[in-house]
There are 2 protein chains.
Amino acid sequence: MTMGYWLQALSVLTFSALLCAVRAGGQGQPALNLMPVPADLQMGSGSLRMDASFSVALTGHAEARLDRALQRFEQQLFKQTAIPLGPKSPGTSTATLTIHTDHASKDIQELGEDESYLLEVTPEGAKLTAPTPLGTMHGLQTFLQLVEVSPEGFDVPAVKINDRPRFPWRGLMIDSGRHFIPLDVLRKNLDGLEAVKMNVFHWHLSENQGFRVESKKFPKLHELGSDHLYYTQDEVRDLIAYARDRGIRVVPEFDMPGHSTAWFVGYPELASGPGPYQIERRWGVFDPAMDPTNEKTYKFLDELVAEMAKLFPDHFFHIGGDEVNGKQWDANARIQEFKKAHDLKDNAALQSHFSKKVQAIVTKHGKAVVGWDEVFVPGVPKEVVIQSWRGQAALAQAAQQSYRGILSNGYYIDLGWSAARHYANDPLGGAGANLTPDQQKFVLGGESTMWSEYVNAENIDSRIWPRNAAIAERLWSPQNVTDVASMYARLDVIGTRLEWLGLTHRSYNRKMLQRIAGAASPEEFAALRTLADAIEPVKDYTREKLAPSEPLSTTPMNRLVDAIPLESDAARRFGELVDKFLAAGCRDAQLESRLRAKLTAWRDNDANFQALAQRSFLVKEGADASTALSSLGTTGLAMLEAIAKDAPAPDTWKAQQTAAIAEIQKPKGQLLIVSAAAVQKLVDATASVGGCAGNK
Amino acid sequence: MTMGYWLQALSVLTFSALLCAVRAGGQGQPALNLMPVPADLQMGSGSLRMDASFSVALTGHAEARLDRALQRFEQQLFKQTAIPLGPKSPGTSTATLTIHTDHASKDIQELGEDESYLLEVTPEGAKLTAPTPLGTMHGLQTFLQLVEVSPEGFDVPAVKINDRPRFPWRGLMIDSGRHFIPLDVLRKNLDGLEAVKMNVFHWHLSENQGFRVESKKFPKLHELGSDHLYYTQDEVRDLIAYARDRGIRVVPEFDMPGHSTAWFVGYPELASGPGPYQIERRWGVFDPAMDPTNEKTYKFLDELVAEMAKLFPDHFFHIGGDEVNGKQWDANARIQEFKKAHDLKDNAALQSHFSKKVQAIVTKHGKAVVGWDEVFVPGVPKEVVIQSWRGQAALAQAAQQSYRGILSNGYYIDLGWSAARHYANDPLGGAGANLTPDQQKFVLGGESTMWSEYVNAENIDSRIWPRNAAIAERLWSPQNVTDVASMYARLDVIGTRLEWLGLTHRSYNRKMLQRIAGAASPEEFAALRTLADAIEPVKDYTREKLAPSEPLSTTPMNRLVDAIPLESDAARRFGELVDKFLAAGCRDAQLESRLRAKLTAWRDNDANFQALAQRSFLVKEGADASTALSSLGTTGLAMLEAIAKDAPAPDTWKAQQTAAIAEIQKPKGQLLIVSAAAVQKLVDATASVGGCAGNK
């Protein structure tokens, strides 16, 4: 096992080196744009040509799911190449790609099933073998990622890939509570998860703002608690089948005892404070919480869990448990009495009392509980899985006590972090690195979380993709696959391929910008795009803080901040350019010219932008940011001038520039000029000893 | 009637003038981006604000179709604004928009029904009234087009529009025979037709390459003649209902006696030559034709028409009739005998014999015949409608003899013409202009035709839209609405709005270019885009002629020529810029600088392009075009230098430049450098008396 690990690590290192070499060269043989990077890969020589004669044969274990997977595979291959693949029924000996699946996987997909596969491609043909359909499906996705346009046609390089995941729990959570997310959007995201080999869809189904599943037992939950935006039980079953077809488990979450205002609209008697209740329209943490002292609460939950445990076949059942502020409990004399009578010294103890009883209910209905950090209290049953929004230390602490955990801290993809930052976040990093190998096994993996305050059907894909693919790689690939440049290069390619699946993470942007612009001249629209490409929404929870009066679920999501990606490719590339320029002692004329072109474009962008801003209130919101971007261009150009001189710039002048950039860096409304930091590096270079000026 | 016409014309003139004024200014009040331009429009003052309180009330005639139209309207309004419109049931007195429909339209939509509407918008509210649901639906589309982003929000300008179509037959033909076009693509195109007020979908359903409708009577037609790519009868009924919901008639076409190889695969006995037959894979005109001398042919057609006349409720039934080359007839001794025996002196007479019998069959089943020009022969029944691919003269000739006609010549949107050229083509232009008012009434309107040799589900939208909207305007708006600049400005806006309906005429382009590029650096991809933006596919039927061995229905449609739009916006704008520059005596420094920037970008584009071409065979196809574009940039820059001199350029030098441009203008593979003509204008300006050099 240990030996195998080293061999595996070695081949990955070779592979990473190869990727870098090919990338750096930029020419010649095709890069292997695989994401996630496989556990083990060996390059062969030559390649397999894809043409109309391409055919596939399935052998070994047979099931309808595999036939459907093959159909999807062929459709996707057609999308990637546009080569018509006529219907063929080849024999095993003549098929271009033969697939052998050894045996069935579990009827209800389980945590930790074998997902491995072996894919061998030679110029003559390809062979995919896997113990179970889960591995077969992963292998098909790898094959699709190997198909590249070449100087002569569409080719698959000769390669031998022996692949398996590092963690058994690789998930994406989508919050359907705050904004309802339609089924077609969820389906496309499941397609995306399949493409990057994630295997858990965690479905956050109830929130203060909505209870999103039909309950036949308690119909007022969805009838009064959802604005009629909910999933019927048939739809839920269909989605689960759709996920199973893609090797993905569906874990439902019903968040309690907090985050549950929407429940109380129909059933106020569950709450700890007097009703009536309305569906919450604001964002934040609110007071209403279930009454943990009332036996009727548990009777209700017992019946609801019974219903939902049947609807959702997965073994795991998420009960939330996060962010109870305790105010309703404090305000309720009867609950205070109960605490005293039961020796519960604080609200944490009261919540623990509640959790224990709900855990018992969930266990009674045959399920294992998952809960957020808050459920991890002394004495909690070992069967409970901790999902950590707090971090690796919490997870490590749990693992030391033999509790299983899933990392979500660091994978909050709604917060606007860069893919690189998520990518650097390892479930076994930080405190996790000190765990013994046996303890490490308790860390099951991780989940990215798509909280939906600021997403809807139109822009959610852009908030998930392509960054989620970097997290998928973190959870699948060996721990030492950490080259950020390679990750971004491959992310760009995967980003394109994910669009073939129907995801809209790129195409949404132009449509939203066109709405914002209205009728604009090409020059005006280009100005809007230049700004939009250079900015990012404010990070973390700043949006609420900057505009506390705005956050309402009824606010139209038609603004610049909604239309721009969370991570600006243009800004990242500008930053890379500055770093290269500085690393080359500021002497590379070509790099200087590219920097100058970009800075000039920013400086000169404002006139057309402001003309358009006069005609559209939505463009106008970006007016300050546009002015700031223009200033940044001017400052940057001045820095290039200063650097070109052979003498260091005076300190006072440098301080002035730094102050100007500090102004530019401040949020403009809810927008950030993210390249300000890179221009600051140019400022620093005008004066620092050992910097560019010093080098000259 | 005549008086009304002049009033109407007057108001349109005013409106056109207004549009130009607003456009030319480019600032200030919003342009009215209506397409087609209404028959009569008066501007009011102020505007109606669109916000979450917006509501609609339906009054008068009620039917489920109107409810669905309203639902679509609200969905579209949400797409345009992203303002959530909660469910409301306002009274008539409180609704923002009240709609009154007077009475029902016909159960089966008929040619010439009243499609008029009156739309009045004030800052306080809006009122839409129409005699029938057809007018109501048109009025809703106009309202949607009026919604514009403004400095304060989304607004509808105060306006009074009294609108009705110029022609009663305004259609689009889609050829589902050569390439099968999936239903979802057809549905989106019907949405597009509704948006631009077209009212006929002419569905070309049978071809040498495929018989695309399920026949229960003769199942071998679709089973053997379609590669399993056909519409079931249920699907056909659904699509007809979908079209009816949008005020669109569906006219089916079964092309005979030629263009029918696919029929003969299952039923070789219908043909004039010995079988067996295979589905045709090539493009062109082929020999197989039905046997017009065999009574069994007519018995078959009688039963088939009976079945299809039931399936398609429209009063009109298209029997094709085009392009019979007669070779099978000539080669068949029995047919030659028949001709002699029946005194049919040539194959035209024989086809006429066939047509008469088929017309009788169609009439017997309660339908009126439509056929291509070829069916218009002496003695053809007056009920027959002529669809003219030959031109206005043929149509005028028919009208003079009291035959009704539809113009398609000049509306072949597959040929790659500019929108301006289609727009200039009037059903009552040319010979039609000499018709008396009574004769003019026989000209029912026109149809654009989307023949599908070089389109499939992926790029068909881009071959239809937005140019088809210009044809829609020609057929709806008063004849004197002819301002090309206004048309293009509005076409650009409508092009954006059509994408909200799900049409992919813009978004397809990036996806196809990404497939062509494979993994490319941003600079390389930009180079591919710069070339792709500047070129057009060869025009008319040149593609077949240039590569006669290629045209096969199995050829992958993944090439540059498939990915680029048929009309280059960038090239059109460059041409406009050159014209402006020349008109200003070549003295405007800003115009000169914009020209210089564009020409420089072309000149410098080739290096990155060729780097990418080394890695992708699909990019490589554009290598010659890229080199030519680079040369064009170089030549254009030299012209700017020459023009800047105060002396005319020498004739020999000018002749060299002209020769160089002539080389650039030759097709590069199947690609055209369309801006060559504009650069030639610069060449001419360097020397001509009265040109720019002379002016200096």
# chains A, B, ... in the order shown; residues from 1 in each chain; ligands from 1

call {"tool": "interface_residues", "arguments": {"of": "chain B", "to": "chain A", "cutoff": "8 Å", "atoms": "only C-alpha atoms", "output": "number ranges by chain"}}
result
B: 27-30, 80-84, 148-153, 493, 496, 499-500, 507, 511, 514-519, 554-558, 611, 613-618, 620

call {"tool": "write_last_selection", "arguments": {"atoms": "C-alpha atoms", "output": "tab-separated table (two decimals), in the first residue's frame"}}
result
chain	number	residue	atom	x	y	z
B	27	GLN	CA	-27.47	59.86	-26.92
B	28	GLY	CA	-30.37	61.24	-24.96
B	29	GLN	CA	-33.80	59.72	-25.39
B	30	PRO	CA	-34.13	56.04	-26.18
B	80	GLN	CA	-35.54	41.27	-20.49
B	81	THR	CA	-35.56	42.98	-17.09
B	82	ALA	CA	-34.98	40.32	-14.41
B	83	ILE	CA	-37.64	42.09	-12.39
B	84	PRO	CA	-39.66	39.45	-10.51
B	148	GLU	CA	-35.83	49.67	-22.79
B	149	VAL	CA	-33.34	50.28	-20.04
B	150	SER	CA	-33.26	53.99	-19.17
B	151	PRO	CA	-31.28	56.26	-16.84
B	152	GLU	CA	-33.77	55.48	-14.05
B	153	GLY	CA	-35.03	51.96	-14.69
B	493	VAL	CA	-31.02	45.15	-30.94
B	496	THR	CA	-29.98	40.50	-28.82
B	499	GLU	CA	-31.35	35.38	-27.94
B	500	TRP	CA	-33.52	35.77	-24.84
B	507	SER	CA	-23.79	32.01	-28.86
B	511	LYS	CA	-18.71	27.30	-29.05
B	514	GLN	CA	-13.64	26.79	-29.35
B	515	ARG	CA	-14.05	23.36	-30.90
B	516	ILE	CA	-12.02	24.52	-33.89
B	517	ALA	CA	-9.30	26.02	-31.70
B	518	GLY	CA	-8.97	23.27	-29.13
B	519	ALA	CA	-6.80	24.33	-26.21
B	554	THR	CA	-22.37	12.92	-43.77
B	555	THR	CA	-19.62	15.59	-43.87
B	556	PRO	CA	-18.93	16.90	-40.35
B	557	MET	CA	-20.07	20.50	-40.04
B	558	ASN	CA	-17.30	21.58	-37.74
B	611	ALA	CA	0.75	29.29	-34.37
B	613	ALA	CA	-3.06	26.57	-37.14
B	614	GLN	CA	-0.03	24.36	-36.49
B	615	ARG	CA	-1.99	22.53	-33.83
B	616	SER	CA	-5.49	22.26	-35.27
B	617	PHE	CA	-6.46	21.04	-38.74
B	618	LEU	CA	-9.67	23.04	-38.44
B	620	LYS	CA	-5.40	25.42	-40.62

call {"tool": "select_by_dssp", "arguments": {"residues": "region 49-225 of chain B", "states": "strand (DSSP E)", "output": "ChimeraX atom specification"}}
result
/B:49-50,56-60,97-101,117-122,125-130,148-149,154-163,169-175,200-204,206-207,210-211

call {"tool": "residues_around", "arguments": {"residues": "region 531-537 of chain B", "least_positions_apart": "5", "cutoff": "8 Å", "atoms": "only C-alpha atoms", "output": "PyMOL selection string"}}
result
chain B and resi 416+560-562+564-571+602+605+625-626+629+670-675

call {"tool": "residues_around", "arguments": {"residues": "Arg246 (chain A)", "least_positions_apart": "5", "cutoff": "9 Å", "atoms": "only C-alpha atoms", "output": "PDB file with N, CA and C atoms, in the first residue's frame"}}
result
ATOM      1  N   ARG A  65     -28.211   1.264 -17.140  1.00  0.00           N
ATOM      2  CA  ARG A  65     -27.485   2.478 -16.803  1.00  0.00           C
ATOM      3  C   ARG A  65     -26.229   2.637 -17.657  1.00  0.00           C
ATOM      4  N   ALA A  69     -25.230   5.550 -20.203  1.00  0.00           N
ATOM      5  CA  ALA A  69     -23.948   6.260 -20.077  1.00  0.00           C
ATOM      6  C   ALA A  69     -23.244   6.300 -21.427  1.00  0.00           C
ATOM      7  N   LEU A 134     -19.485   2.441 -11.733  1.00  0.00           N
ATOM      8  CA  LEU A 134     -19.012   3.749 -11.255  1.00  0.00           C
ATOM      9  C   LEU A 134     -17.661   4.077 -11.885  1.00  0.00           C
ATOM     10  N   MET A 137     -18.019   4.714 -15.701  1.00  0.00           N
ATOM     11  CA  MET A 137     -18.500   6.060 -16.030  1.00  0.00           C
ATOM     12  C   MET A 137     -17.391   7.094 -15.856  1.00  0.00           C
ATOM     13  N   HIS A 138     -16.591   6.950 -14.812  1.00  0.00           N
ATOM     14  CA  HIS A 138     -15.450   7.867 -14.648  1.00  0.00           C
ATOM     15  C   HIS A 138     -14.487   7.746 -15.829  1.00  0.00           C
ATOM     16  N   LEU A 190     -25.566  18.443 -12.369  1.00  0.00           N
ATOM     17  CA  LEU A 190     -25.209  17.036 -12.153  1.00  0.00           C
ATOM     18  C   LEU A 190     -24.353  16.529 -13.319  1.00  0.00           C
ATOM     19  N   ASP A 191     -24.684  16.964 -14.534  1.00  0.00           N
ATOM     20  CA  ASP A 191     -23.822  16.616 -15.673  1.00  0.00           C
ATOM     21  C   ASP A 191     -22.407  17.131 -15.425  1.00  0.00           C
ATOM     22  N   LEU A 193     -20.990  17.718 -12.503  1.00  0.00           N
ATOM     23  CA  LEU A 193     -20.349  16.912 -11.446  1.00  0.00           C
ATOM     24  C   LEU A 193     -19.812  15.609 -12.031  1.00  0.00           C
ATOM     25  N   GLU A 194     -20.602  14.975 -12.884  1.00  0.00           N
ATOM     26  CA  GLU A 194     -20.127  13.735 -13.514  1.00  0.00           C
ATOM     27  C   GLU A 194     -18.832  13.994 -14.285  1.00  0.00           C
ATOM     28  N   ASN A 199     -19.066  12.905  -6.673  1.00  0.00           N
ATOM     29  CA  ASN A 199     -20.042  11.832  -6.503  1.00  0.00           C
ATOM     30  C   ASN A 199     -21.123  12.092  -5.451  1.00  0.00           C
ATOM     31  N   ALA A 241     -32.756   9.605  -9.685  1.00  0.00           N
ATOM     32  CA  ALA A 241     -32.424   8.613 -10.720  1.00  0.00           C
ATOM     33  C   ALA A 241     -31.406   9.198 -11.703  1.00  0.00           C
TER      34      ALA A 241
END

call {"tool": "residues_around", "arguments": {"residues": "Leu552 (chain A)", "least_positions_apart": "2", "cutoff": "10 Å", "atoms": "only C-alpha atoms", "output": "short mmCIF file (atom, residue, chain, number, x, y, z; two decimals) with all heavy atoms, in the first residue's frame"}}
result
data_model
loop_
_atom_site.label_atom_id
_atom_site.label_comp_id
_atom_site.auth_asym_id
_atom_site.auth_seq_id
_atom_site.Cartn_x
_atom_site.Cartn_y
_atom_site.Cartn_z
N ARG A 178 -32.88 29.45 -0.38
CA ARG A 178 -32.91 30.91 -0.45
C ARG A 178 -33.41 31.40 -1.80
O ARG A 178 -34.27 32.26 -1.88
CB ARG A 178 -31.52 31.45 -0.11
CG ARG A 178 -31.18 31.27 1.36
CD ARG A 178 -29.76 31.74 1.65
NE ARG A 178 -29.46 31.72 3.08
CZ ARG A 178 -29.10 30.64 3.76
NH1 ARG A 178 -29.00 29.47 3.15
NH2 ARG A 178 -28.83 30.72 5.06
N GLU A 280 -39.48 34.32 5.14
CA GLU A 280 -38.47 35.37 5.31
C GLU A 280 -38.02 35.90 3.95
O GLU A 280 -37.77 35.12 3.04
CB GLU A 280 -37.28 34.77 6.08
CG GLU A 280 -36.17 35.74 6.39
CD GLU A 280 -36.67 36.93 7.22
OE1 GLU A 280 -37.19 36.71 8.32
OE2 GLU A 280 -36.55 38.07 6.72
N ARG A 281 -37.96 37.22 3.83
CA ARG A 281 -37.53 37.82 2.55
C ARG A 281 -36.11 38.38 2.63
O ARG A 281 -35.53 38.75 1.62
CB ARG A 281 -38.46 38.96 2.14
CG ARG A 281 -39.93 38.58 2.05
CD ARG A 281 -40.19 37.70 0.84
NE ARG A 281 -41.53 37.11 0.91
CZ ARG A 281 -41.93 36.05 0.20
NH1 ARG A 281 -41.07 35.45 -0.60
NH2 ARG A 281 -43.14 35.56 0.31
N ARG A 282 -35.59 38.50 3.86
CA ARG A 282 -34.24 39.07 4.01
C ARG A 282 -33.21 37.94 4.08
O ARG A 282 -33.55 36.78 4.19
CB ARG A 282 -34.18 39.91 5.29
CG ARG A 282 -35.08 41.14 5.26
CD ARG A 282 -35.35 41.64 6.67
NE ARG A 282 -36.04 40.62 7.47
CZ ARG A 282 -36.14 40.62 8.80
NH1 ARG A 282 -35.58 41.59 9.50
NH2 ARG A 282 -36.79 39.66 9.43
N TRP A 283 -31.96 38.32 3.98
CA TRP A 283 -30.88 37.37 4.21
C TRP A 283 -30.31 37.58 5.61
O TRP A 283 -30.37 38.68 6.15
CB TRP A 283 -29.74 37.56 3.21
CG TRP A 283 -30.15 37.59 1.76
CD1 TRP A 283 -29.73 38.48 0.83
CD2 TRP A 283 -31.01 36.69 1.07
NE1 TRP A 283 -30.27 38.19 -0.38
CE2 TRP A 283 -31.07 37.10 -0.27
CE3 TRP A 283 -31.76 35.55 1.46
CZ2 TRP A 283 -31.83 36.44 -1.23
CZ3 TRP A 283 -32.52 34.90 0.50
CH2 TRP A 283 -32.55 35.33 -0.82
N GLY A 284 -29.75 36.52 6.18
CA GLY A 284 -29.10 36.65 7.48
C GLY A 284 -29.45 35.49 8.39
O GLY A 284 -29.98 34.47 7.97
N GLU A 453 -27.93 33.17 -1.68
CA GLU A 453 -28.42 34.54 -1.50
C GLU A 453 -28.34 35.33 -2.80
O GLU A 453 -29.25 36.09 -3.13
CB GLU A 453 -27.59 35.29 -0.44
CG GLU A 453 -27.92 34.97 1.00
CD GLU A 453 -27.08 33.82 1.52
OE1 GLU A 453 -26.48 33.07 0.70
OE2 GLU A 453 -27.01 33.64 2.76
N TYR A 454 -27.24 35.21 -3.50
CA TYR A 454 -26.99 36.06 -4.67
C TYR A 454 -26.87 35.27 -5.97
O TYR A 454 -26.14 35.65 -6.86
CB TYR A 454 -25.73 36.91 -4.42
CG TYR A 454 -25.89 37.83 -3.23
CD1 TYR A 454 -25.16 37.65 -2.07
CD2 TYR A 454 -26.84 38.86 -3.27
CE1 TYR A 454 -25.34 38.48 -0.96
CE2 TYR A 454 -27.03 39.70 -2.18
CZ TYR A 454 -26.27 39.50 -1.03
OH TYR A 454 -26.47 40.33 0.05
N GLU A 544 -23.58 42.05 1.84
CA GLU A 544 -24.61 42.36 2.84
C GLU A 544 -24.21 43.57 3.67
O GLU A 544 -25.03 44.42 3.98
CB GLU A 544 -24.81 41.19 3.82
CG GLU A 544 -25.57 40.01 3.28
CD GLU A 544 -24.65 38.96 2.72
OE1 GLU A 544 -23.55 39.32 2.25
OE2 GLU A 544 -25.04 37.78 2.73
N PRO A 548 -26.85 46.94 3.67
CA PRO A 548 -27.71 46.14 4.54
C PRO A 548 -29.19 46.30 4.22
O PRO A 548 -29.99 45.43 4.54
CB PRO A 548 -27.38 46.67 5.94
CG PRO A 548 -26.70 47.98 5.73
CD PRO A 548 -26.05 47.94 4.39
N SER A 549 -29.56 47.40 3.58
CA SER A 549 -30.98 47.57 3.31
C SER A 549 -31.41 46.80 2.07
O SER A 549 -32.58 46.54 1.86
CB SER A 549 -31.28 49.05 3.09
OG SER A 549 -30.63 49.50 1.92
N GLU A 550 -30.46 46.43 1.23
CA GLU A 550 -30.82 45.78 -0.04
C GLU A 550 -31.17 44.30 0.08
O GLU A 550 -32.08 43.84 -0.60
CB GLU A 550 -29.66 45.95 -1.03
CG GLU A 550 -29.82 45.15 -2.30
CD GLU A 550 -28.49 44.56 -2.77
OE1 GLU A 550 -27.50 45.30 -2.85
OE2 GLU A 550 -28.46 43.36 -3.05
N THR A 554 -36.41 39.38 -3.03
CA THR A 554 -37.18 39.93 -4.13
C THR A 554 -36.40 40.96 -4.95
O THR A 554 -36.91 41.49 -5.92
CB THR A 554 -38.44 40.62 -3.59
OG1 THR A 554 -38.05 41.50 -2.54
CG2 THR A 554 -39.43 39.62 -3.04
N THR A 555 -35.16 41.26 -4.54
CA THR A 555 -34.34 42.21 -5.30
C THR A 555 -34.01 41.65 -6.68
O THR A 555 -33.52 40.53 -6.77
CB THR A 555 -33.03 42.48 -4.53
OG1 THR A 555 -33.35 43.00 -3.25
CG2 THR A 555 -32.15 43.48 -5.28
N PRO A 556 -34.26 42.43 -7.74
CA PRO A 556 -33.89 41.92 -9.06
C PRO A 556 -32.39 41.67 -9.15
O PRO A 556 -31.59 42.46 -8.66
CB PRO A 556 -34.29 43.06 -10.01
CG PRO A 556 -35.29 43.87 -9.27
CD PRO A 556 -34.92 43.75 -7.82
#

call {"tool": "select_by_dssp", "arguments": {"residues": "region 15-186 of chain A", "states": "helix (DSSP H, G or I)", "output": "compact mmCIF listing (two decimals) with C-alpha atoms, in the first residue's frame"}}
result
# COMPACT_ATOMS: atom_id res chain seq x y z
CA PHE A 15 2.77 13.83 -15.41
CA SER A 16 2.71 17.26 -13.79
CA ALA A 17 6.15 17.97 -15.16
CA LEU A 18 4.98 16.90 -18.58
CA LEU A 19 1.95 19.18 -18.37
CA CYS A 20 4.15 22.11 -17.45
CA ALA A 21 6.59 21.38 -20.22
CA VAL A 22 3.87 21.17 -22.83
CA ARG A 23 2.16 24.25 -21.47
CA ALA A 24 5.33 26.25 -21.33
CA GLY A 25 6.20 25.33 -24.87
CA ALA A 64 -29.42 -0.23 -18.63
CA ARG A 65 -27.49 2.48 -16.80
CA LEU A 66 -24.37 1.58 -18.76
CA ASP A 67 -26.26 1.77 -22.05
CA ARG A 68 -27.45 5.23 -21.12
CA ALA A 69 -23.95 6.26 -20.08
CA LEU A 70 -22.71 5.13 -23.46
CA GLN A 71 -25.43 7.12 -25.21
CA ARG A 72 -24.43 10.26 -23.32
CA PHE A 73 -20.80 9.53 -24.11
CA GLU A 74 -21.55 9.37 -27.84
CA GLN A 75 -23.64 12.53 -27.73
CA GLN A 76 -20.87 14.36 -25.95
CA LEU A 77 -18.31 13.05 -28.40
CA PHE A 78 -20.47 14.43 -31.20
CA LYS A 79 -20.65 17.79 -29.47
CA GLN A 80 -16.89 17.88 -29.05
CA THR A 81 -16.08 16.88 -32.63
CA PRO A 133 -20.20 0.87 -13.48
CA LEU A 134 -19.01 3.75 -11.25
CA GLY A 135 -15.48 3.27 -12.52
CA THR A 136 -16.68 2.74 -16.08
CA MET A 137 -18.50 6.06 -16.03
CA HIS A 138 -15.45 7.87 -14.65
CA GLY A 139 -13.32 6.29 -17.36
CA LEU A 140 -15.68 7.45 -20.09
CA GLN A 141 -15.34 11.00 -18.83
CA THR A 142 -11.56 10.70 -18.89
CA PHE A 143 -11.72 9.43 -22.45
CA LEU A 144 -13.83 12.44 -23.48
CA GLN A 145 -11.29 14.76 -21.90
CA LEU A 146 -8.51 13.07 -23.87
CA LEU A 183 -34.69 21.24 -12.02
CA ASP A 184 -33.17 21.76 -15.46
CA VAL A 185 -30.43 23.85 -13.86
CA LEU A 186 -29.81 21.14 -11.26

call {"tool": "closest_residue", "arguments": {"among": "B:Gly321, B:Gly247, B:Gly410, B:Pro313", "to": "Asp373 (chain B)", "atoms": "only C-alpha atoms"}}
result
B:Gly321

call {"tool": "residues_around", "arguments": {"residues": "Thr96 (chain A)", "least_positions_apart": "2", "cutoff": "6 Å", "atoms": "only C-alpha atoms", "output": "number ranges by chain"}}
result
A: 54-56, 125

call {"tool": "write_last_selection", "arguments": {"atoms": "C-alpha atoms", "output": "mmCIF file, in the first residue's frame"}}
result
data_model
loop_
_atom_site.group_PDB
_atom_site.id
_atom_site.type_symbol
_atom_site.label_atom_id
_atom_site.label_comp_id
_atom_site.auth_asym_id
_atom_site.auth_seq_id
_atom_site.Cartn_x
_atom_site.Cartn_y
_atom_site.Cartn_z
ATOM 1 C CA PHE A 54 -15.389 5.072 -34.204
ATOM 2 C CA SER A 55 -17.382 2.458 -32.326
ATOM 3 C CA VAL A 56 -17.833 1.194 -28.802
ATOM 4 C CA GLY A 125 -7.817 1.151 -30.169
#

call {"tool": "atom_distance", "arguments": {"atom1": "CA of Val37 (chain A)", "atom2": "CA of His202 (chain A)"}}
result
23.7 Å

call {"tool": "residues_around", "arguments": {"residues": "Arg164 (chain B)", "least_positions_apart": "6", "cutoff": "12 Å", "atoms": "only C-alpha atoms", "output": "number ranges by chain"}}
result
B: 5, 8, 36-41, 112-119, 130-131, 134-136, 138-139, 142, 197, 473, 475-478
